[in-house]
$ cat target23.cif   # mmCIF, C-alpha atoms
data_input
#
loop_
_atom_site.label_atom_id
_atom_site.label_comp_id
_atom_site.auth_asym_id
_atom_site.auth_seq_id
_atom_site.Cartn_x
_atom_site.Cartn_y
_atom_site.Cartn_z
CA MET A 1 40.29 116.67 201.68
CA MET A 2 43.30 117.49 203.87
CA PRO A 3 43.67 120.01 206.76
CA ARG A 4 45.24 123.23 205.56
CA TYR A 5 47.45 125.54 207.56
CA VAL A 6 45.98 129.02 207.05
CA GLU A 7 46.38 132.50 208.45
CA CYS A 8 43.47 134.39 209.95
CA ARG A 9 43.06 137.53 212.03
CA LYS A 10 43.72 135.75 215.32
CA GLY A 11 46.76 133.90 214.10
CA LYS A 12 47.54 130.74 212.21
CA LYS A 13 44.97 127.87 212.32
CA TRP A 14 44.36 124.42 210.83
CA GLU A 15 41.33 124.45 208.58
CA VAL A 16 39.05 121.63 207.31
CA SER A 17 36.59 122.23 204.43
CA TRP A 18 33.92 119.80 203.25
CA LYS A 19 30.77 119.71 201.13
CA ASN A 20 27.36 118.59 202.47
CA PRO A 21 26.08 115.94 199.99
CA TRP A 22 22.43 116.64 200.92
CA THR A 23 22.43 120.44 200.51
CA GLY A 24 25.47 120.92 198.26
CA LYS A 25 26.76 123.70 200.56
CA ARG A 26 30.43 123.95 201.51
CA HIS A 27 31.38 124.25 205.20
CA THR A 28 34.62 125.21 206.92
CA GLN A 29 35.88 124.71 210.46
CA ARG A 30 39.21 125.75 212.05
CA PHE A 31 41.27 124.10 214.79
CA GLU A 32 44.23 125.03 216.97
CA ASP A 33 46.38 122.03 216.03
CA GLU A 34 46.84 119.55 213.17
CA ALA A 35 45.99 116.43 215.23
CA THR A 36 42.53 117.69 216.17
CA ALA A 37 41.93 118.85 212.61
CA THR A 38 42.96 115.42 211.23
CA ILE A 39 40.60 113.57 213.64
CA PHE A 40 37.73 115.80 212.58
CA GLU A 41 38.64 115.36 208.92
CA ASN A 42 38.63 111.54 209.18
CA ALA A 43 35.27 111.67 210.89
CA GLN A 44 33.87 113.80 208.07
CA ILE A 45 35.23 111.36 205.48
CA GLU A 46 33.50 108.43 207.23
CA ILE A 47 30.24 110.36 207.47
CA ALA A 48 30.48 111.34 203.81
CA LEU A 49 30.91 107.70 202.73
CA LYS A 50 27.85 106.63 204.73
CA GLU A 51 25.77 109.50 203.38
CA LYS A 52 26.85 108.65 199.84
CA ALA A 53 25.67 105.06 200.32
CA ILE A 54 22.34 106.24 201.71
CA LEU A 55 21.84 108.63 198.81
CA LYS A 56 22.70 105.91 196.30
CA LYS A 57 20.18 103.55 197.89
CA ALA A 58 17.50 106.26 197.96
CA ARG A 59 18.08 107.10 194.28
CA LYS A 60 17.88 103.41 193.37
CA ARG A 61 14.63 102.99 195.31
CA LYS A 62 13.19 106.10 193.67
CA SER A 63 14.23 104.82 190.25
CA GLU A 64 12.73 101.38 190.89
CA SER A 65 9.48 102.88 192.14
CA LYS A 66 8.88 104.38 188.71
CA LYS A 67 8.88 100.87 187.22
CA VAL A 68 5.98 99.46 189.28
CA CYS A 69 2.94 99.03 187.07
CA VAL A 70 -0.62 99.04 188.41
CA LYS A 71 -1.05 95.28 188.01
CA GLU A 72 2.18 94.52 189.93
CA LEU A 73 1.24 97.01 192.63
CA PHE A 74 -2.15 95.36 193.18
CA GLU A 75 -0.63 91.86 193.23
CA THR A 76 1.88 92.87 195.91
CA TYR A 77 -0.74 94.81 197.88
CA PHE A 78 -3.19 91.89 198.03
CA ARG A 79 -0.45 89.39 198.81
CA LEU A 80 1.10 91.32 201.71
CA ALA A 81 -1.42 93.87 202.98
CA HIS A 82 -4.71 91.89 203.08
CA THR A 83 -5.33 89.20 205.69
CA ASN A 84 -9.11 88.67 205.46
CA PRO A 85 -9.83 86.29 202.52
CA THR A 86 -13.39 87.60 202.13
CA THR A 87 -12.49 91.29 201.89
CA THR A 88 -9.46 90.45 199.73
CA LYS A 89 -11.63 88.59 197.21
CA GLN A 90 -14.09 91.49 197.07
CA ALA A 91 -11.30 94.06 196.66
CA GLN A 92 -9.63 91.96 193.95
CA TYR A 93 -12.88 91.86 192.01
CA HIS A 94 -13.14 95.66 192.04
CA ALA A 95 -9.43 96.03 191.29
CA SER A 96 -9.78 93.82 188.20
CA HIS A 97 -11.72 96.61 186.49
CA LEU A 98 -8.85 99.03 187.09
CA ILE A 99 -6.29 96.46 185.96
CA THR A 100 -8.19 96.01 182.69
CA VAL A 101 -7.77 99.73 181.98
CA PHE A 102 -4.48 100.65 183.68
CA GLY A 103 -2.76 97.28 184.30
CA ASN A 104 0.41 97.98 182.29
CA ARG A 105 0.58 101.67 183.16
CA LEU A 106 3.23 102.81 185.62
CA ALA A 107 1.46 103.52 188.91
CA SER A 108 3.60 106.61 189.43
CA GLN A 109 2.34 108.09 186.16
CA LEU A 110 -1.39 107.85 186.86
CA SER A 111 -3.05 111.24 186.81
CA ARG A 112 -6.18 112.85 188.19
CA GLU A 113 -7.57 113.00 184.64
CA ASP A 114 -7.02 109.24 184.19
CA ILE A 115 -9.12 108.45 187.24
CA LEU A 116 -11.89 110.91 186.44
CA ASN A 117 -12.09 109.45 182.93
CA PHE A 118 -12.34 105.97 184.45
CA SER A 119 -15.14 107.19 186.71
CA GLU A 120 -17.02 108.64 183.72
CA ALA A 121 -16.57 105.42 181.73
CA GLN A 122 -18.00 103.46 184.65
CA ARG A 123 -21.02 105.77 184.73
CA ILE A 124 -21.63 105.29 181.00
CA ARG A 125 -21.59 101.52 181.55
CA GLY A 126 -24.30 101.84 184.17
CA ILE A 127 -22.06 101.37 187.21
CA ALA A 128 -23.25 103.30 190.26
CA GLN A 129 -21.01 106.17 191.35
CA ILE A 130 -20.68 104.65 194.81
CA THR A 131 -19.26 101.47 193.23
CA ALA A 132 -16.88 103.41 190.98
CA ASN A 133 -15.68 105.40 194.00
CA ARG A 134 -15.07 102.19 195.92
CA ARG A 135 -12.89 100.86 193.10
CA ILE A 136 -10.89 104.07 192.94
CA SER A 137 -10.51 104.07 196.73
CA ILE A 138 -9.00 100.58 196.56
CA LEU A 139 -6.48 101.84 194.01
CA ARG A 140 -5.62 104.82 196.18
CA ALA A 141 -5.21 102.55 199.22
CA ALA A 142 -2.84 100.31 197.25
CA ILE A 143 -0.77 103.33 196.17
CA ASN A 144 -0.63 104.69 199.73
CA TRP A 145 0.55 101.28 200.91
CA GLY A 146 3.12 101.20 198.10
CA VAL A 147 4.51 104.59 199.12
CA LYS A 148 4.63 103.59 202.79
CA ASN A 149 6.52 100.39 201.97
CA GLY A 150 8.98 101.92 199.52
CA LEU A 151 7.48 100.60 196.27
CA MET A 152 6.66 104.11 195.12
CA HIS A 153 8.15 107.51 195.75
CA GLN A 154 4.89 109.42 196.10
CA ASN A 155 1.15 109.14 195.55
CA PRO A 156 0.12 110.83 192.28
CA LEU A 157 -3.53 110.74 193.41
CA ALA A 158 -3.02 112.31 196.82
CA ASP A 159 -5.11 115.39 196.00
CA LEU A 160 -7.81 113.57 194.02
CA LYS A 161 -11.39 114.33 195.04
CA LEU A 162 -13.92 111.75 193.91
CA PRO A 163 -17.32 112.71 192.49
CA ARG A 164 -20.00 112.73 195.16
CA ALA A 165 -22.03 109.53 195.21
CA ARG A 166 -25.66 109.65 196.17
CA PRO A 167 -26.67 107.00 198.71
CA ARG A 168 -28.35 104.07 197.03
CA ARG A 169 -32.02 103.53 197.79
CA ILE A 170 -32.19 99.88 198.69
CA ALA A 171 -35.24 97.95 197.45
CA PRO A 172 -35.29 94.87 199.70
CA PRO A 173 -37.64 91.93 199.11
CA THR A 174 -41.24 92.82 199.77
CA PRO A 175 -43.12 90.72 202.33
CA GLN A 176 -44.78 88.84 199.47
CA GLU A 177 -41.42 88.19 197.75
CA ALA A 178 -39.78 87.13 201.01
CA LYS A 179 -42.57 84.60 201.70
CA ALA A 180 -42.38 83.19 198.19
CA ILE A 181 -38.59 82.82 198.31
CA PHE A 182 -38.77 81.26 201.78
CA ASN A 183 -41.34 78.66 200.70
CA ALA A 184 -39.29 77.74 197.61
CA ALA A 185 -35.90 77.63 199.37
CA ALA A 186 -33.81 74.73 200.65
CA PRO A 187 -33.78 74.32 204.47
CA HIS A 188 -30.39 76.00 204.98
CA VAL A 189 -31.46 78.96 202.83
CA GLN A 190 -34.68 79.22 204.88
CA ARG A 191 -32.47 79.66 207.94
CA VAL A 192 -30.53 82.44 206.19
CA ILE A 193 -33.77 84.18 205.24
CA THR A 194 -35.20 83.92 208.75
CA ILE A 195 -32.12 85.23 210.58
CA GLY A 196 -31.31 87.75 207.84
CA ILE A 197 -34.71 89.45 207.93
CA PHE A 198 -35.22 89.32 211.70
CA ALA A 199 -31.64 89.98 212.94
CA GLY A 200 -29.83 91.84 210.13
CA PRO A 201 -26.37 90.21 210.14
CA ARG A 202 -24.01 90.39 207.18
CA ILE A 203 -24.96 87.46 204.96
CA GLY A 204 -21.82 85.49 204.24
CA PRO A 205 -18.65 84.08 205.80
CA SER A 206 -17.80 87.38 207.52
CA GLU A 207 -20.69 87.00 210.03
CA LEU A 208 -23.75 84.77 209.63
CA PHE A 209 -21.96 81.74 208.21
CA ARG A 210 -19.56 81.85 211.20
CA LEU A 211 -22.41 81.69 213.73
CA LYS A 212 -22.22 78.52 215.86
CA TRP A 213 -24.80 77.01 218.18
CA GLN A 214 -22.56 77.89 221.11
CA ASP A 215 -23.21 81.54 220.15
CA VAL A 216 -26.99 81.12 220.43
CA ASP A 217 -28.48 81.73 223.90
CA LEU A 218 -32.08 80.54 223.61
CA GLY A 219 -32.70 81.03 227.34
CA ASN A 220 -32.17 84.77 226.98
CA ALA A 221 -33.23 84.83 223.30
CA MET A 222 -29.92 86.26 222.12
CA PHE A 223 -27.48 85.77 219.24
CA ARG A 224 -23.81 86.46 219.91
CA MET A 225 -23.12 87.36 216.28
CA PRO A 226 -19.48 87.18 215.13
CA SER A 227 -18.57 90.62 213.80
CA ALA A 228 -16.95 91.25 210.44
CA GLU A 229 -13.24 92.11 210.66
CA LYS A 230 -13.94 95.44 208.95
CA ASN A 231 -15.06 96.97 212.26
CA ASP A 232 -13.73 97.13 215.81
CA LEU A 233 -16.24 94.70 217.32
CA ALA A 234 -13.79 91.80 217.23
CA ASP A 235 -15.64 89.81 219.89
CA GLY A 236 -19.00 90.05 218.17
CA ARG A 237 -22.22 91.78 219.13
CA ASP A 238 -25.41 90.76 220.90
CA ILE A 239 -28.60 90.66 218.80
CA PRO A 240 -31.90 89.78 220.51
CA ILE A 241 -33.85 86.96 218.87
CA LYS A 242 -37.39 87.89 217.88
CA ARG A 243 -39.69 85.95 220.20
CA VAL A 244 -41.85 84.55 217.42
CA ILE A 245 -38.90 82.67 215.88
CA VAL A 246 -37.43 81.28 219.14
CA PRO A 247 -39.44 78.00 218.87
CA ILE A 248 -38.27 77.57 215.26
CA ILE A 249 -34.62 78.05 216.21
CA LYS A 250 -35.04 75.61 219.11
CA GLU A 251 -36.17 72.98 216.62
CA TRP A 252 -33.19 73.71 214.35
CA ARG A 253 -30.83 73.35 217.27
CA LYS A 254 -32.40 70.11 218.47
CA ASN A 255 -32.00 68.51 215.05
CA ASP A 256 -28.44 69.78 214.59
CA LEU A 257 -27.19 68.66 217.99
CA ILE A 258 -28.41 65.13 217.26
CA GLN A 259 -26.16 65.17 214.17
CA ASN A 260 -23.32 66.95 216.01
CA ILE A 261 -23.55 69.98 213.70
CA GLN A 262 -21.83 73.06 215.16
CA TYR A 263 -22.76 75.78 212.67
CA VAL A 264 -26.24 77.28 212.48
CA ILE A 265 -26.02 77.56 208.68
CA SER A 266 -24.87 74.24 207.27
CA TRP A 267 -25.43 71.93 204.32
CA GLY A 268 -24.87 68.19 204.51
CA GLY A 269 -23.60 68.63 208.06
CA LYS A 270 -20.84 71.03 206.97
CA PRO A 271 -20.62 74.85 207.26
CA VAL A 272 -21.36 76.74 204.05
CA LYS A 273 -19.27 79.43 202.38
CA SER A 274 -21.81 80.52 199.77
CA ILE A 275 -25.51 80.07 199.03
CA ASN A 276 -25.52 81.73 195.60
CA ARG A 277 -26.58 78.66 193.64
CA ALA A 278 -29.26 77.61 196.12
CA TRP A 279 -30.44 81.23 196.35
CA HIS A 280 -30.92 81.63 192.60
CA THR A 281 -32.72 78.30 192.48
CA ALA A 282 -35.11 79.56 195.16
CA LEU A 283 -35.71 82.82 193.25
CA LYS A 284 -36.48 80.89 190.07
CA ASN A 285 -38.82 78.47 191.81
CA ALA A 286 -40.55 81.38 193.58
CA GLY A 287 -41.12 83.18 190.28
CA VAL A 288 -39.18 86.25 191.40
CA GLU A 289 -37.61 87.80 188.32
CA ARG A 290 -36.04 91.00 189.64
CA ARG A 291 -32.53 90.98 191.07
CA ILE A 292 -32.52 90.24 194.79
CA ARG A 293 -29.33 89.25 196.61
CA PRO A 294 -28.98 87.32 199.87
CA TYR A 295 -27.42 90.52 201.27
CA ASP A 296 -30.70 92.33 200.63
CA LEU A 297 -32.17 90.37 203.54
CA ARG A 298 -30.00 92.57 205.75
CA HIS A 299 -31.45 95.64 204.04
CA ALA A 300 -34.93 94.22 204.62
CA PHE A 301 -34.20 94.08 208.34
CA ALA A 302 -33.17 97.75 208.43
CA THR A 303 -36.03 98.93 206.21
CA TYR A 304 -38.82 97.18 208.11
CA ALA A 305 -37.32 97.93 211.53
CA LEU A 306 -37.20 101.65 210.74
CA ALA A 307 -40.67 101.55 209.18
CA GLY A 308 -41.92 99.92 212.35
CA GLY A 309 -40.64 102.81 214.46
CA ALA A 310 -37.19 101.57 215.59
CA ASP A 311 -34.67 104.35 216.27
CA ILE A 312 -31.69 104.74 213.97
CA GLY A 313 -29.08 104.32 216.70
CA SER A 314 -30.43 100.93 217.79
CA VAL A 315 -30.69 99.67 214.21
CA ALA A 316 -27.10 100.77 213.52
CA THR A 317 -25.84 98.99 216.65
CA LEU A 318 -27.70 95.77 215.82
CA MET A 319 -26.29 95.80 212.28
CA GLY A 320 -22.73 96.37 213.50
CA HIS A 321 -22.30 99.91 212.16
CA ILE A 322 -20.01 102.15 214.19
CA ASP A 323 -21.49 105.28 212.62
CA ALA A 324 -25.29 105.62 212.52
CA SER A 325 -25.02 108.17 209.69
CA MET A 326 -24.67 105.29 207.21
CA ILE A 327 -28.14 104.08 208.24
CA LEU A 328 -29.55 107.60 207.92
CA ASP A 329 -28.02 108.12 204.45
CA THR A 330 -29.02 104.74 203.05
CA TYR A 331 -32.51 104.48 204.51
CA GLN A 332 -33.54 108.14 204.54
CA HIS A 333 -36.44 107.29 202.22
CA VAL A 334 -37.91 105.13 205.00
CA LYS A 335 -37.65 107.98 207.48
CA ASP A 336 -39.18 110.36 204.91
CA THR A 337 -42.18 108.03 204.61
CA GLN A 338 -42.58 108.04 208.37
CA LYS A 339 -42.41 111.84 208.40
CA ARG A 340 -45.13 111.98 205.75
CA GLN A 341 -47.28 109.60 207.79
CA ALA A 342 -46.74 111.78 210.87
CA ILE A 343 -47.85 114.87 208.96
CA GLU A 344 -50.95 113.17 207.56
CA ALA A 345 -51.82 111.81 211.01
CA THR A 346 -52.39 115.37 212.29
CA PRO A 347 -56.20 115.88 212.52
CA ASP A 348 -57.88 118.58 210.40
CA ILE A 349 -58.75 120.74 213.41
CA LEU A 350 -59.39 123.75 211.15
CA ASP A 351 -61.87 121.77 209.08
CA LEU A 352 -60.03 122.79 205.90
CA LYS A 353 -61.41 119.87 203.94
CA LYS A 354 -64.60 121.78 203.19
CA PHE A 355 -62.57 124.53 201.45
CA VAL A 356 -60.91 121.92 199.27
CA LEU A 357 -64.31 120.46 198.35
CA ARG A 358 -65.64 123.90 197.41
CA SER A 359 -62.78 124.60 195.08
#

$ encode --input "target23.cif" --output "structure tokens"
Amino acid sequence: MMPRYVECRKGKKWEVSWKNPWTGKRHTQRFEDEATATIFENAQIEIALKEKAILKKARKRKSESKKVCVKELFETYFRLAHTNPTTTKQAQYHASHLITVFGNRLASQLSREDILNFSEAQRIRGIAQITANRRISILRAAINWGVKNGLMHQNPLADLKLPRARPRRIAPPTPQEAKAIFNAAAPHVQRVITIGIFAGPRIGPSELFRLKWQDVDLGNAMFRMPSAEKNDLADGRDIPIKRVIVPIIKEWRKNDLIQNIQYVISWGGKPVKSINRAWHTALKNAGVERRIRPYDLRHAFATYALAGGADIGSVATLMGHIDASMILDTYQHVKDTQKRQAIEATPDILDLKKFVLRS
């Protein structure tokens, strides 16, 4: 590319022509003298070299993105994007089902049909739609992260709409089951049962297992429950302690302080990370054969609080839910029962019973 001396209607000019590497279009500009034209030409050459390098790098990145398989994408996503060990472990468990099916497939070549077929296969295996949707959502989150961080060129599932999942109807332990499990449980599991049913925290290391005695205000009968990192309540939330269990908790605290134990839920003087083994032992000893999880104690709190007349907003706040609609969707059956009771409580002021008896 060199300036050319050309003739035009207004006289002779110096002309520089160049091609835009992004659009492919050719451009021309004219100047009064050769020096100015040469300066402009050199500037265009420098710009062209930089643009060529950028294009080369972009093409290389695009080419490399096509080589990322689903397994590699998940491994990178969990290593760099997740910081909470608890949520990472849960997400990895769900992702393992996708890796089994799509692990060696290129992430960029996944299709809407692939995911819908996976969802149908999960349904056939008895997996709830809400669980299948959660697994697919984790995959989509990993792909979005991959696109944002240059591992992939685009998200092939961007327009995917998941099948609607009906809210699960939670069957928490009945009062009889809860009593039986409590009586058969080890002391630390009895604490989990007591606080789980009467306060509704998340059972596990995200909340209840992080509760320390310094977070328990027995004078005002209040827990300062550490909040799970999944929501915005980073400093925790206040949960009133049911008056009937205050004396029990006072006794727990007295015994723990003597042994210099800081955590409310502990075993052998040390904080616990899991109660699965002790929980299943308690179920077996209590003669409870149906599947009940420690987390269902939290559902028991919501179910019995709503059945007792508590308002949805307060229950949602106590449980650490930002949106009360989750409570309404999950425990609508409880509210329906209350509505039925309200209808039946209306007196028969028309004395319609006698018509029923006649017929």

$ residues_around --input "target23.cif" --residues "A:Ala132" --least-positions-apart "2" --cutoff "9 Å" --atoms "only C-alpha atoms" --output "mmCIF file with C-alpha atoms, in the coordinates of the input"
data_model
loop_
_atom_site.group_PDB
_atom_site.id
_atom_site.type_symbol
_atom_site.label_atom_id
_atom_site.label_comp_id
_atom_site.auth_asym_id
_atom_site.auth_seq_id
_atom_site.Cartn_x
_atom_site.Cartn_y
_atom_site.Cartn_z
ATOM 1 C CA HIS A 94 -13.140 95.660 192.040
ATOM 2 C CA PHE A 118 -12.340 105.970 184.450
ATOM 3 C CA SER A 119 -15.140 107.190 186.710
ATOM 4 C CA GLU A 120 -17.020 108.640 183.720
ATOM 5 C CA GLN A 122 -18.000 103.460 184.650
ATOM 6 C CA ARG A 123 -21.020 105.770 184.730
ATOM 7 C CA ILE A 127 -22.060 101.370 187.210
ATOM 8 C CA ALA A 128 -23.250 103.300 190.260
ATOM 9 C CA GLN A 129 -21.010 106.170 191.350
ATOM 10 C CA ILE A 130 -20.680 104.650 194.810
ATOM 11 C CA ARG A 134 -15.070 102.190 195.920
ATOM 12 C CA ARG A 135 -12.890 100.860 193.100
ATOM 13 C CA ILE A 136 -10.890 104.070 192.940
ATOM 14 C CA SER A 137 -10.510 104.070 196.730
#

$ atom_distance --input "target23.cif" --atom1 "atom CA of A:Ile203" --atom2 "atom CA of A:Tyr295"
5.4 Å

$ resolve_selection --input "target23.cif" --expression "the PyMOL selection byres ((chain A and resi 34) around 10)" --output "PyMOL selection string"
chain A and resi 3-5+13-16+30-33+35-40

$ resolve_selection --input "target23.cif" --expression "the PyMOL selection byres ((chain A and resi 259-276) around 9)" --output "VMD selection string"
chain A and resid 187 to 189 191 to 192 204 to 205 208 to 214 216 252 to 253 255 to 258 277 to 281 293 to 294

$ closest_atom_pairs --input "target23.cif" --of "stretch 284-331 of chain A" --to "stretch 176-182 of chain A" --cutoff "10 Å" --atoms "all atoms listed in the file" --output "Markdown table"
| residue | atom | partner | partner_atom | distance |
| --- | --- | --- | --- | --- |
| A:Lys284 | CA | A:Ile181 | CA | 8.7 |
| A:Asn285 | CA | A:Ile181 | CA | 7.8 |
| A:Ala286 | CA | A:Ala180 | CA | 5.3 |
| A:Gly287 | CA | A:Ala180 | CA | 8.0 |
| A:Val288 | CA | A:Glu177 | CA | 7.0 |
| A:Ile292 | CA | A:Glu177 | CA | 9.6 |
| A:Leu297 | CA | A:Ala178 | CA | 8.6 |
| A:Ala300 | CA | A:Ala178 | CA | 9.3 |

$ closest_residue --input "target23.cif" --among "A:Gly219, A:Pro247, A:Gly196, A:Pro156" --to "A:Pro172" --atoms "all atoms listed in the file"
A:Gly196

$ atom_distance --input "target23.cif" --atom1 "atom CA of A:Leu139" --atom2 "atom CA of A:Ala121"
16.3 Å

$ closest_residue --input "target23.cif" --among "A:Ile138, A:Asn20, A:Leu110, A:Arg105" --to "A:Thr87" --atoms "all atoms listed in the file"
A:Ile138

$ closest_residue --input "target23.cif" --among "A:Leu318, A:Ile312, A:Ile99, A:Ala185" --to "A:Pro240" --atoms "all atoms listed in the file"
A:Leu318

$ atom_distance --input "target23.cif" --atom1 "atom CA of A:Met225" --atom2 "atom CA of A:Asp238"
6.2 Å

$ closest_atom_pairs --input "target23.cif" --of "stretch 100-142 of chain A" --to "stretch 68-77 of chain A" --cutoff "6 Å" --atoms "only C-alpha atoms" --output "Markdown table"
| residue | atom | partner | partner_atom | distance |
| --- | --- | --- | --- | --- |
| A:Gly103 | CA | A:Lys71 | CA | 4.5 |
| A:Asn104 | CA | A:Cys69 | CA | 5.5 |
| A:Arg105 | CA | A:Cys69 | CA | 5.3 |
| A:Leu106 | CA | A:Cys69 | CA | 4.1 |
| A:Ala107 | CA | A:Val70 | CA | 5.0 |
| A:Ala142 | CA | A:Tyr77 | CA | 5.9 |
